[in-house]
Amino acid sequence: MHTIASLLRPNTTLLGYALFLAINAASVWGGVFPFLPVAFQTSDILLAFFFSQSLVYTACFFASVLGVYFFPRFTRRFIVLLPSAPYFAGWCFLIAAIYLSDFSKPLVIAGGALLGLGSAGFCMLWERLYASQEADESNRNLIVGTVFSALLYFALYLIPQAVTAFLIPLAFLPLFGLSIVLRSREINLDQPMFEDVPREHPAVYRKALRAYFPSALSVGAVGFCCGIVRALAIDTPVIGSLVNIVSMGGSLVAGLALLAVWQKKNLRVNVLTVYRFLFPLLITAFLIMPLAGTAFSSGFAALLYAAYSVGIMLMMMQCAQASRNDGINPVFIYGFFGGIVYLLHDVGFLTGTFSDQLNPFGGSALASAAIVAIYLLGIMYFIGHGGFRTTLNPERASAGNIELVALNAPGTAPHAISNAEESEPIELELSSGAAPQEQEPSEEAPSNAAAPAPTAERASARQPSERPHADHDADIAEGPQYRDRVSKQCALVQQNFRLSNRETEVMELLVRGNTVAHIAEELVVSENTIRTHSKRIYAKLAVHKRQELIDLVTLFSPADLRE
């Protein structure tokens with residue numbers, strides 16, 4: 001029985017991650033500057049640091065995608081010293097910039113670039129570790145680590161500011177570096193995600209890029225807004241402390257809320273649905289911002305970064321799930337997802353910095369930034385939800401469509417209308433999602449036949465929030481759809497044994513008699529990934545071969561299914 005107290009029990013992984021996040025959280029707004037003298041935080045220094053740190057940070061994510069694709073074996077033995085050295089050197093440069101005022105700007109630029117390189121490397125290491133763990137353990141470490149990071153961040157303010165700047169590279173960095181070293185040694189490198197060679201399975205990776213681009217764009221849109229307000233407040237460093245405090249407080253509240261709900265019921269978080277909710281709030285806030293003044297802008301910035309911090313946590317969880325489900329290298333998918341998010345954050349900062357030049361009609365910087373932000377947010381919303389291809393898709397029929405059937409359709413006889421009542425009606429099954437539908441298997445196609453379930457029908461039995469490759473607009477469905485008795489029985493097994501959606505999908509295909517090769521082809525993953533899922537399924541169900549699995553599934557009665 002899991003309680004909040006048991007879930008919050010610390011371990012080496014989450015404490016190390018919490019300490020790293022608490023230290024690195026300062027870079028969310030103004031780099032490490034909340035722990036450096038206020039007099040040092042001039043506009044030129046902040047601007048120089050951000051450009052060097054954020055551009056290198058973003059470039060590292062995209063470089064990791066290319067590196068994994070062309071040199072996949074390198075990520076199997078990721079050396080912790082690689083990010084530790086530039087991270088330590090970056091802090092040394094920043095501390096030196098405080099005392100060497102004549103060289104402060106070039107030192108800050110070099111320090112920012114090194115910190116960007118080191119931070120990106122550590123993020124990759126943590127994502128790699130979480131992806132290698134079981135789903136429950138990984139999600140718990142991520143969520144609880146985020147909660148603890150807020151507490152540690154607030155504790156840093158109890159330390160004298162002059163001491164904190166030296167403690168970070170000399171004490172805190174070795175602590176969280178040692179944590180990731182110890183836990184990385186426990187990673188099972190025989191898992192498909194580490195064995196996979198992306199160039200040998202291009203279809204799998206193309207599918208992943210298409211599937212996760214909308215989610216990345218949604219989180220990136222929030223990052224874009226954060227970049228804008230960050231640029232507008234660059235002349236007011238005091239706002240940075242407020243933003244950091246509120247964003248860490250938001251992470252604390254969100255983490256505790258997730259834990260409270262997770263211990264009692266299944267929890268599905270759809271990034272696209274969350275963004276649909278935030279979108280009207282974002283554009284309304286930008287519309288009000290030029291009229292409301294500095295106080296509103298400061299509060300808006302703080303709340304934006306709180307949402308952004310939660311979005312970063314969800315991004316790591318989704319990328320780890322993608323690696324486990326599809327056998328994708330975690331550094332590849334995280335580099336792709338994070339690269340888009342942080343690139344849009346940088347674009348937002350550039351938009352805010354040069355908003356006066358971007359607005360040909362003149363006006364204040366706030367008004368110019370608001371106009372550009374609302375326009376670009378609308379474009380990103382449109383692209384993220386499918387663009388013209390999805391909008392013009394004839395299959396997106398709904399009750400709002402006005403239908404005019406051609407009176408003289410080619411090949412239709414004039415007397416067809418008058419004889420319509422005499423012809424046998426054609427029944428079309430329209431899935432409204434209102435209630436589960438069951439299609440009884442025919443005698444020619446028994447329920448345990450080797451033929452796989454059609455992809456569309458099988459996919460409809462999954463909740464959209466956990467179907468990363470499904471059409472992201474399909475989450476309007478009100479309930480699951482079941483193909484036949486076997487689908488319902490597999491859903492019952494999922495409920496009783498806490499299988500993931502992907503494990504349930506693989507289990508159903510195994511029960512129907514499909515081979516490993518056929519399942520891999522059907523789901524567009526590698527055969528090693530399917531074998532790994534099979535092992536996990538057998539372990540969770542305490543069975544040892546396929547016939548035992550089939551016997552277990554047939555014990556469940558579809559009438560017992562909890563809708």
# chains A, B, ... in the order shown; residues from 1 in each chain; ligands from 1
$ residues_around --residues "stretch 170-176 of chain A" --least-positions-apart "6" --cutoff "8 Å" --atoms "only C-alpha atoms" --output "PyMOL selection string"
chain A and resi 15-17+19-20+84+88
$ write_last_selection --atoms "all heavy atoms" --output "PDB file, in the first residue's frame"
ATOM      1  N   LEU A  15      17.449  12.308  -4.404  1.00  0.00           N
ATOM      2  CA  LEU A  15      18.155  13.371  -3.686  1.00  0.00           C
ATOM      3  C   LEU A  15      19.229  14.005  -4.567  1.00  0.00           C
ATOM      4  O   LEU A  15      19.404  15.232  -4.566  1.00  0.00           O
ATOM      5  CB  LEU A  15      18.783  12.813  -2.415  1.00  0.00           C
ATOM      6  CG  LEU A  15      17.825  12.517  -1.252  1.00  0.00           C
ATOM      7  CD1 LEU A  15      18.581  11.916  -0.079  1.00  0.00           C
ATOM      8  CD2 LEU A  15      17.089  13.783  -0.818  1.00  0.00           C
ATOM      9  N   GLY A  16      19.947  13.174  -5.331  1.00  0.00           N
ATOM     10  CA  GLY A  16      20.939  13.725  -6.241  1.00  0.00           C
ATOM     11  C   GLY A  16      20.296  14.586  -7.314  1.00  0.00           C
ATOM     12  O   GLY A  16      20.787  15.680  -7.628  1.00  0.00           O
ATOM     13  N   TYR A  17      19.186  14.099  -7.867  1.00  0.00           N
ATOM     14  CA  TYR A  17      18.486  14.875  -8.881  1.00  0.00           C
ATOM     15  C   TYR A  17      17.920  16.162  -8.293  1.00  0.00           C
ATOM     16  O   TYR A  17      17.954  17.213  -8.938  1.00  0.00           O
ATOM     17  CB  TYR A  17      17.366  14.024  -9.476  1.00  0.00           C
ATOM     18  CG  TYR A  17      16.536  14.758 -10.509  1.00  0.00           C
ATOM     19  CD1 TYR A  17      17.084  15.142 -11.723  1.00  0.00           C
ATOM     20  CD2 TYR A  17      15.199  15.066 -10.261  1.00  0.00           C
ATOM     21  CE1 TYR A  17      16.332  15.822 -12.666  1.00  0.00           C
ATOM     22  CE2 TYR A  17      14.442  15.741 -11.193  1.00  0.00           C
ATOM     23  CZ  TYR A  17      14.999  16.117 -12.400  1.00  0.00           C
ATOM     24  OH  TYR A  17      14.255  16.788 -13.321  1.00  0.00           O
ATOM     25  N   LEU A  19      19.093  17.934  -5.799  1.00  0.00           N
ATOM     26  CA  LEU A  19      20.166  18.904  -5.588  1.00  0.00           C
ATOM     27  C   LEU A  19      20.600  19.524  -6.906  1.00  0.00           C
ATOM     28  O   LEU A  19      20.812  20.744  -6.989  1.00  0.00           O
ATOM     29  CB  LEU A  19      21.348  18.207  -4.906  1.00  0.00           C
ATOM     30  CG  LEU A  19      22.538  19.103  -4.539  1.00  0.00           C
ATOM     31  CD1 LEU A  19      22.098  20.229  -3.609  1.00  0.00           C
ATOM     32  CD2 LEU A  19      23.641  18.281  -3.882  1.00  0.00           C
ATOM     33  N   PHE A  20      20.728  18.700  -7.948  1.00  0.00           N
ATOM     34  CA  PHE A  20      21.080  19.245  -9.264  1.00  0.00           C
ATOM     35  C   PHE A  20      20.023  20.239  -9.742  1.00  0.00           C
ATOM     36  O   PHE A  20      20.341  21.326 -10.226  1.00  0.00           O
ATOM     37  CB  PHE A  20      21.216  18.111 -10.278  1.00  0.00           C
ATOM     38  CG  PHE A  20      21.211  18.567 -11.709  1.00  0.00           C
ATOM     39  CD1 PHE A  20      22.302  19.228 -12.252  1.00  0.00           C
ATOM     40  CD2 PHE A  20      20.098  18.359 -12.518  1.00  0.00           C
ATOM     41  CE1 PHE A  20      22.295  19.676 -13.567  1.00  0.00           C
ATOM     42  CE2 PHE A  20      20.079  18.789 -13.829  1.00  0.00           C
ATOM     43  CZ  PHE A  20      21.177  19.454 -14.360  1.00  0.00           C
ATOM     44  N   SER A  84      30.748  17.250 -15.921  1.00  0.00           N
ATOM     45  CA  SER A  84      31.240  17.798 -14.649  1.00  0.00           C
ATOM     46  C   SER A  84      32.326  18.842 -14.872  1.00  0.00           C
ATOM     47  O   SER A  84      32.344  19.896 -14.212  1.00  0.00           O
ATOM     48  CB  SER A  84      31.787  16.672 -13.765  1.00  0.00           C
ATOM     49  OG  SER A  84      30.788  15.747 -13.439  1.00  0.00           O
ATOM     50  N   PHE A  88      31.938  22.727 -13.627  1.00  0.00           N
ATOM     51  CA  PHE A  88      32.827  23.279 -12.603  1.00  0.00           C
ATOM     52  C   PHE A  88      33.557  24.515 -13.139  1.00  0.00           C
ATOM     53  O   PHE A  88      33.640  25.554 -12.472  1.00  0.00           O
ATOM     54  CB  PHE A  88      33.835  22.205 -12.177  1.00  0.00           C
ATOM     55  CG  PHE A  88      34.828  22.675 -11.164  1.00  0.00           C
ATOM     56  CD1 PHE A  88      34.518  22.675  -9.814  1.00  0.00           C
ATOM     57  CD2 PHE A  88      36.088  23.122 -11.558  1.00  0.00           C
ATOM     58  CE1 PHE A  88      35.436  23.115  -8.871  1.00  0.00           C
ATOM     59  CE2 PHE A  88      37.019  23.563 -10.623  1.00  0.00           C
ATOM     60  CZ  PHE A  88      36.693  23.564  -9.273  1.00  0.00           C
TER      61      PHE A  88
END
$ residues_around --residues "stretch 3-6 of chain A" --least-positions-apart "6" --cutoff "8 Å" --atoms "only C-alpha atoms" --output "PyMOL selection string"
chain A and resi 259-260+263
$ residues_around --residues "stretch 295-311 of chain A" --least-positions-apart "3" --cutoff "10 Å" --atoms "only C-alpha atoms" --output "JSON, numbers by chain"
{"A": [25, 28, 29, 143, 146, 216, 218, 219, 220, 221, 222, 223, 224, 225, 226, 227, 228, 229, 230, 232, 233, 236, 238, 239, 240, 241, 242, 243, 244, 245, 246, 247, 248, 249, 250, 251, 252, 253, 254, 255, 271, 274, 275, 278, 282, 285, 286, 288, 289, 290, 291, 292, 314, 315, 316, 317, 341, 366]}
$ closest_atom_pairs --of "stretch 43-128 of chain A" --to "stretch 152-169 of chain A" --cutoff "12 Å" --atoms "only C-alpha atoms" --output "tab-separated table"
residue	atom	partner	partner_atom	distance
A:Ser84	CA	A:Pro169	CA	9.6
A:Ala85	CA	A:Pro169	CA	10.2
A:Pro86	CA	A:Pro169	CA	10.8
A:Tyr87	CA	A:Pro169	CA	7.9
A:Phe88	CA	A:Pro169	CA	5.5
A:Ala89	CA	A:Pro169	CA	8.5
A:Gly90	CA	A:Pro169	CA	9.0
A:Trp91	CA	A:Pro169	CA	6.4
A:Cys92	CA	A:Pro169	CA	7.7
A:Phe93	CA	A:Pro169	CA	11.1
A:Leu94	CA	A:Ala165	CA	9.0
A:Ile95	CA	A:Ala165	CA	7.2
A:Ala96	CA	A:Ala165	CA	10.9
A:Ile98	CA	A:Ala165	CA	10.6
A:Leu115	CA	A:Pro169	CA	11.1
A:Gly118	CA	A:Pro169	CA	11.9
$ write_last_selection --atoms "C-alpha atoms" --output "tab-separated table (two decimals), in the first residue's frame"
chain	number	residue	atom	x	y	z
A	84	SER	CA	31.24	17.80	-14.65
A	85	ALA	CA	34.37	19.48	-16.01
A	86	PRO	CA	32.64	22.31	-17.95
A	87	TYR	CA	30.06	22.76	-15.17
A	88	PHE	CA	32.83	23.28	-12.60
A	89	ALA	CA	34.82	25.54	-14.94
A	90	GLY	CA	31.72	27.62	-15.71
A	91	TRP	CA	31.23	28.43	-12.03
A	92	CYS	CA	34.89	29.32	-11.67
A	93	PHE	CA	34.61	31.80	-14.55
A	94	LEU	CA	31.51	33.40	-13.02
A	95	ILE	CA	33.15	33.80	-9.63
A	96	ALA	CA	36.22	35.28	-11.30
A	98	ILE	CA	32.85	39.23	-9.82
A	115	LEU	CA	27.49	26.04	-17.75
A	118	GLY	CA	27.61	21.04	-18.41
$ decode --residues "stretch 270-286 of chain A" --atoms "all heavy atoms" --output "PDB file, in the first residue's frame"
ATOM      1  N   ASN A 270      -2.248  14.568 -20.446  1.00  0.00           N
ATOM      2  CA  ASN A 270      -2.049  14.806 -21.867  1.00  0.00           C
ATOM      3  C   ASN A 270      -1.511  16.212 -22.057  1.00  0.00           C
ATOM      4  O   ASN A 270      -2.194  17.197 -21.760  1.00  0.00           O
ATOM      5  CB  ASN A 270      -3.385  14.629 -22.611  1.00  0.00           C
ATOM      6  CG  ASN A 270      -3.212  14.628 -24.115  1.00  0.00           C
ATOM      7  OD1 ASN A 270      -2.551  15.492 -24.663  1.00  0.00           O
ATOM      8  ND2 ASN A 270      -3.822  13.665 -24.777  1.00  0.00           N
ATOM      9  N   VAL A 271      -0.275  16.310 -22.538  1.00  0.00           N
ATOM     10  CA  VAL A 271       0.380  17.610 -22.691  1.00  0.00           C
ATOM     11  C   VAL A 271      -0.403  18.506 -23.639  1.00  0.00           C
ATOM     12  O   VAL A 271      -0.557  19.713 -23.409  1.00  0.00           O
ATOM     13  CB  VAL A 271       1.827  17.422 -23.191  1.00  0.00           C
ATOM     14  CG1 VAL A 271       2.477  18.762 -23.487  1.00  0.00           C
ATOM     15  CG2 VAL A 271       2.638  16.661 -22.157  1.00  0.00           C
ATOM     16  N   LEU A 272      -0.932  17.931 -24.712  1.00  0.00           N
ATOM     17  CA  LEU A 272      -1.684  18.732 -25.684  1.00  0.00           C
ATOM     18  C   LEU A 272      -2.969  19.279 -25.082  1.00  0.00           C
ATOM     19  O   LEU A 272      -3.356  20.425 -25.337  1.00  0.00           O
ATOM     20  CB  LEU A 272      -2.011  17.873 -26.908  1.00  0.00           C
ATOM     21  CG  LEU A 272      -0.818  17.505 -27.793  1.00  0.00           C
ATOM     22  CD1 LEU A 272      -1.221  16.450 -28.799  1.00  0.00           C
ATOM     23  CD2 LEU A 272      -0.276  18.723 -28.498  1.00  0.00           C
ATOM     24  N   THR A 273      -3.647  18.472 -24.275  1.00  0.00           N
ATOM     25  CA  THR A 273      -4.874  18.934 -23.633  1.00  0.00           C
ATOM     26  C   THR A 273      -4.578  20.059 -22.654  1.00  0.00           C
ATOM     27  O   THR A 273      -5.330  21.039 -22.565  1.00  0.00           O
ATOM     28  CB  THR A 273      -5.568  17.767 -22.914  1.00  0.00           C
ATOM     29  OG1 THR A 273      -5.858  16.741 -23.864  1.00  0.00           O
ATOM     30  CG2 THR A 273      -6.859  18.221 -22.265  1.00  0.00           C
ATOM     31  N   VAL A 274      -3.485  19.921 -21.904  1.00  0.00           N
ATOM     32  CA  VAL A 274      -3.090  20.980 -20.971  1.00  0.00           C
ATOM     33  C   VAL A 274      -2.816  22.273 -21.723  1.00  0.00           C
ATOM     34  O   VAL A 274      -3.219  23.360 -21.294  1.00  0.00           O
ATOM     35  CB  VAL A 274      -1.852  20.546 -20.166  1.00  0.00           C
ATOM     36  CG1 VAL A 274      -1.333  21.698 -19.315  1.00  0.00           C
ATOM     37  CG2 VAL A 274      -2.185  19.350 -19.274  1.00  0.00           C
ATOM     38  N   TYR A 275      -2.146  22.156 -22.882  1.00  0.00           N
ATOM     39  CA  TYR A 275      -1.837  23.369 -23.645  1.00  0.00           C
ATOM     40  C   TYR A 275      -3.100  23.998 -24.218  1.00  0.00           C
ATOM     41  O   TYR A 275      -3.213  25.230 -24.287  1.00  0.00           O
ATOM     42  CB  TYR A 275      -0.848  23.047 -24.764  1.00  0.00           C
ATOM     43  CG  TYR A 275      -0.497  24.265 -25.591  1.00  0.00           C
ATOM     44  CD1 TYR A 275       0.128  25.357 -25.014  1.00  0.00           C
ATOM     45  CD2 TYR A 275      -0.816  24.329 -26.946  1.00  0.00           C
ATOM     46  CE1 TYR A 275       0.439  26.480 -25.753  1.00  0.00           C
ATOM     47  CE2 TYR A 275      -0.507  25.445 -27.693  1.00  0.00           C
ATOM     48  CZ  TYR A 275       0.119  26.524 -27.088  1.00  0.00           C
ATOM     49  OH  TYR A 275       0.412  27.644 -27.826  1.00  0.00           O
ATOM     50  N   ARG A 276      -4.066  23.165 -24.618  1.00  0.00           N
ATOM     51  CA  ARG A 276      -5.336  23.725 -25.093  1.00  0.00           C
ATOM     52  C   ARG A 276      -6.001  24.578 -24.016  1.00  0.00           C
ATOM     53  O   ARG A 276      -6.647  25.589 -24.300  1.00  0.00           O
ATOM     54  CB  ARG A 276      -6.286  22.591 -25.507  1.00  0.00           C
ATOM     55  CG  ARG A 276      -5.929  21.922 -26.821  1.00  0.00           C
ATOM     56  CD  ARG A 276      -7.097  21.065 -27.290  1.00  0.00           C
ATOM     57  NE  ARG A 276      -6.744  20.311 -28.478  1.00  0.00           N
ATOM     58  CZ  ARG A 276      -6.459  19.021 -28.486  1.00  0.00           C
ATOM     59  NH1 ARG A 276      -6.489  18.343 -27.358  1.00  0.00           N
ATOM     60  NH2 ARG A 276      -6.141  18.394 -29.597  1.00  0.00           N
ATOM     61  N   PHE A 277      -5.845  24.137 -22.766  1.00  0.00           N
ATOM     62  CA  PHE A 277      -6.409  24.905 -21.654  1.00  0.00           C
ATOM     63  C   PHE A 277      -5.626  26.197 -21.426  1.00  0.00           C
ATOM     64  O   PHE A 277      -6.208  27.257 -21.145  1.00  0.00           O
ATOM     65  CB  PHE A 277      -6.397  24.035 -20.392  1.00  0.00           C
ATOM     66  CG  PHE A 277      -6.805  24.764 -19.146  1.00  0.00           C
ATOM     67  CD1 PHE A 277      -8.135  25.005 -18.863  1.00  0.00           C
ATOM     68  CD2 PHE A 277      -5.838  25.218 -18.255  1.00  0.00           C
ATOM     69  CE1 PHE A 277      -8.501  25.695 -17.717  1.00  0.00           C
ATOM     70  CE2 PHE A 277      -6.191  25.894 -17.104  1.00  0.00           C
ATOM     71  CZ  PHE A 277      -7.534  26.136 -16.829  1.00  0.00           C
ATOM     72  N   LEU A 278      -4.295  26.133 -21.547  1.00  0.00           N
ATOM     73  CA  LEU A 278      -3.466  27.301 -21.279  1.00  0.00           C
ATOM     74  C   LEU A 278      -3.503  28.340 -22.388  1.00  0.00           C
ATOM     75  O   LEU A 278      -3.318  29.528 -22.127  1.00  0.00           O
ATOM     76  CB  LEU A 278      -2.007  26.861 -21.061  1.00  0.00           C
ATOM     77  CG  LEU A 278      -1.673  26.115 -19.777  1.00  0.00           C
ATOM     78  CD1 LEU A 278      -0.210  25.716 -19.788  1.00  0.00           C
ATOM     79  CD2 LEU A 278      -1.986  26.977 -18.562  1.00  0.00           C
ATOM     80  N   PHE A 279      -3.747  27.902 -23.625  1.00  0.00           N
ATOM     81  CA  PHE A 279      -3.619  28.798 -24.774  1.00  0.00           C
ATOM     82  C   PHE A 279      -4.469  30.067 -24.641  1.00  0.00           C
ATOM     83  O   PHE A 279      -3.946  31.183 -24.800  1.00  0.00           O
ATOM     84  CB  PHE A 279      -3.972  28.043 -26.059  1.00  0.00           C
ATOM     85  CG  PHE A 279      -3.914  28.891 -27.296  1.00  0.00           C
ATOM     86  CD1 PHE A 279      -2.698  29.282 -27.833  1.00  0.00           C
ATOM     87  CD2 PHE A 279      -5.075  29.324 -27.914  1.00  0.00           C
ATOM     88  CE1 PHE A 279      -2.644  30.071 -28.975  1.00  0.00           C
ATOM     89  CE2 PHE A 279      -5.032  30.110 -29.051  1.00  0.00           C
ATOM     90  CZ  PHE A 279      -3.811  30.484 -29.581  1.00  0.00           C
ATOM     91  N   PRO A 280      -5.782  29.982 -24.374  1.00  0.00           N
ATOM     92  CA  PRO A 280      -6.556  31.227 -24.249  1.00  0.00           C
ATOM     93  C   PRO A 280      -6.103  32.090 -23.079  1.00  0.00           C
ATOM     94  O   PRO A 280      -6.193  33.323 -23.134  1.00  0.00           O
ATOM     95  CB  PRO A 280      -8.003  30.733 -24.057  1.00  0.00           C
ATOM     96  CG  PRO A 280      -7.881  29.331 -23.576  1.00  0.00           C
ATOM     97  CD  PRO A 280      -6.639  28.787 -24.200  1.00  0.00           C
ATOM     98  N   LEU A 281      -5.593  31.463 -22.008  1.00  0.00           N
ATOM     99  CA  LEU A 281      -5.101  32.236 -20.878  1.00  0.00           C
ATOM    100  C   LEU A 281      -3.838  33.004 -21.251  1.00  0.00           C
ATOM    101  O   LEU A 281      -3.647  34.158 -20.844  1.00  0.00           O
ATOM    102  CB  LEU A 281      -4.815  31.308 -19.689  1.00  0.00           C
ATOM    103  CG  LEU A 281      -5.995  30.475 -19.174  1.00  0.00           C
ATOM    104  CD1 LEU A 281      -5.555  29.598 -18.013  1.00  0.00           C
ATOM    105  CD2 LEU A 281      -7.149  31.375 -18.750  1.00  0.00           C
ATOM    106  N   LEU A 282      -2.974  32.364 -22.052  1.00  0.00           N
ATOM    107  CA  LEU A 282      -1.726  33.012 -22.451  1.00  0.00           C
ATOM    108  C   LEU A 282      -1.982  34.230 -23.330  1.00  0.00           C
ATOM    109  O   LEU A 282      -1.424  35.314 -23.094  1.00  0.00           O
ATOM    110  CB  LEU A 282      -0.833  32.012 -23.186  1.00  0.00           C
ATOM    111  CG  LEU A 282      -0.233  30.871 -22.360  1.00  0.00           C
ATOM    112  CD1 LEU A 282       0.520  29.907 -23.267  1.00  0.00           C
ATOM    113  CD2 LEU A 282       0.691  31.410 -21.290  1.00  0.00           C
ATOM    114  N   ILE A 283      -2.811  34.057 -24.345  1.00  0.00           N
ATOM    115  CA  ILE A 283      -3.035  35.192 -25.252  1.00  0.00           C
ATOM    116  C   ILE A 283      -3.802  36.313 -24.548  1.00  0.00           C
ATOM    117  O   ILE A 283      -3.597  37.494 -24.834  1.00  0.00           O
ATOM    118  CB  ILE A 283      -3.766  34.750 -26.543  1.00  0.00           C
ATOM    119  CG1 ILE A 283      -5.121  34.110 -26.231  1.00  0.00           C
ATOM    120  CG2 ILE A 283      -2.908  33.783 -27.334  1.00  0.00           C
ATOM    121  CD1 ILE A 283      -5.923  33.774 -27.468  1.00  0.00           C
ATOM    122  N   THR A 284      -4.684  35.962 -23.606  1.00  0.00           N
ATOM    123  CA  THR A 284      -5.398  36.994 -22.845  1.00  0.00           C
ATOM    124  C   THR A 284      -4.435  37.772 -21.963  1.00  0.00           C
ATOM    125  O   THR A 284      -4.512  39.004 -21.863  1.00  0.00           O
ATOM    126  CB  THR A 284      -6.492  36.353 -21.982  1.00  0.00           C
ATOM    127  OG1 THR A 284      -7.398  35.633 -22.811  1.00  0.00           O
ATOM    128  CG2 THR A 284      -7.262  37.417 -21.207  1.00  0.00           C
ATOM    129  N   ALA A 285      -3.494  37.052 -21.324  1.00  0.00           N
ATOM    130  CA  ALA A 285      -2.522  37.722 -20.462  1.00  0.00           C
ATOM    131  C   ALA A 285      -1.633  38.663 -21.270  1.00  0.00           C
ATOM    132  O   ALA A 285      -1.328  39.778 -20.822  1.00  0.00           O
ATOM    133  CB  ALA A 285      -1.676  36.677 -19.736  1.00  0.00           C
ATOM    134  N   PHE A 286      -1.206  38.234 -22.453  1.00  0.00           N
ATOM    135  CA  PHE A 286      -0.382  39.110 -23.285  1.00  0.00           C
ATOM    136  C   PHE A 286      -1.173  40.324 -23.767  1.00  0.00           C
ATOM    137  O   PHE A 286      -0.620  41.405 -23.943  1.00  0.00           O
ATOM    138  CB  PHE A 286       0.175  38.337 -24.479  1.00  0.00           C
ATOM    139  CG  PHE A 286       1.465  37.635 -24.197  1.00  0.00           C
ATOM    140  CD1 PHE A 286       1.540  36.254 -24.163  1.00  0.00           C
ATOM    141  CD2 PHE A 286       2.624  38.361 -23.953  1.00  0.00           C
ATOM    142  CE1 PHE A 286       2.728  35.609 -23.888  1.00  0.00           C
ATOM    143  CE2 PHE A 286       3.820  37.729 -23.684  1.00  0.00           C
ATOM    144  CZ  PHE A 286       3.876  36.345 -23.649  1.00  0.00           C
TER     145      PHE A 286
END
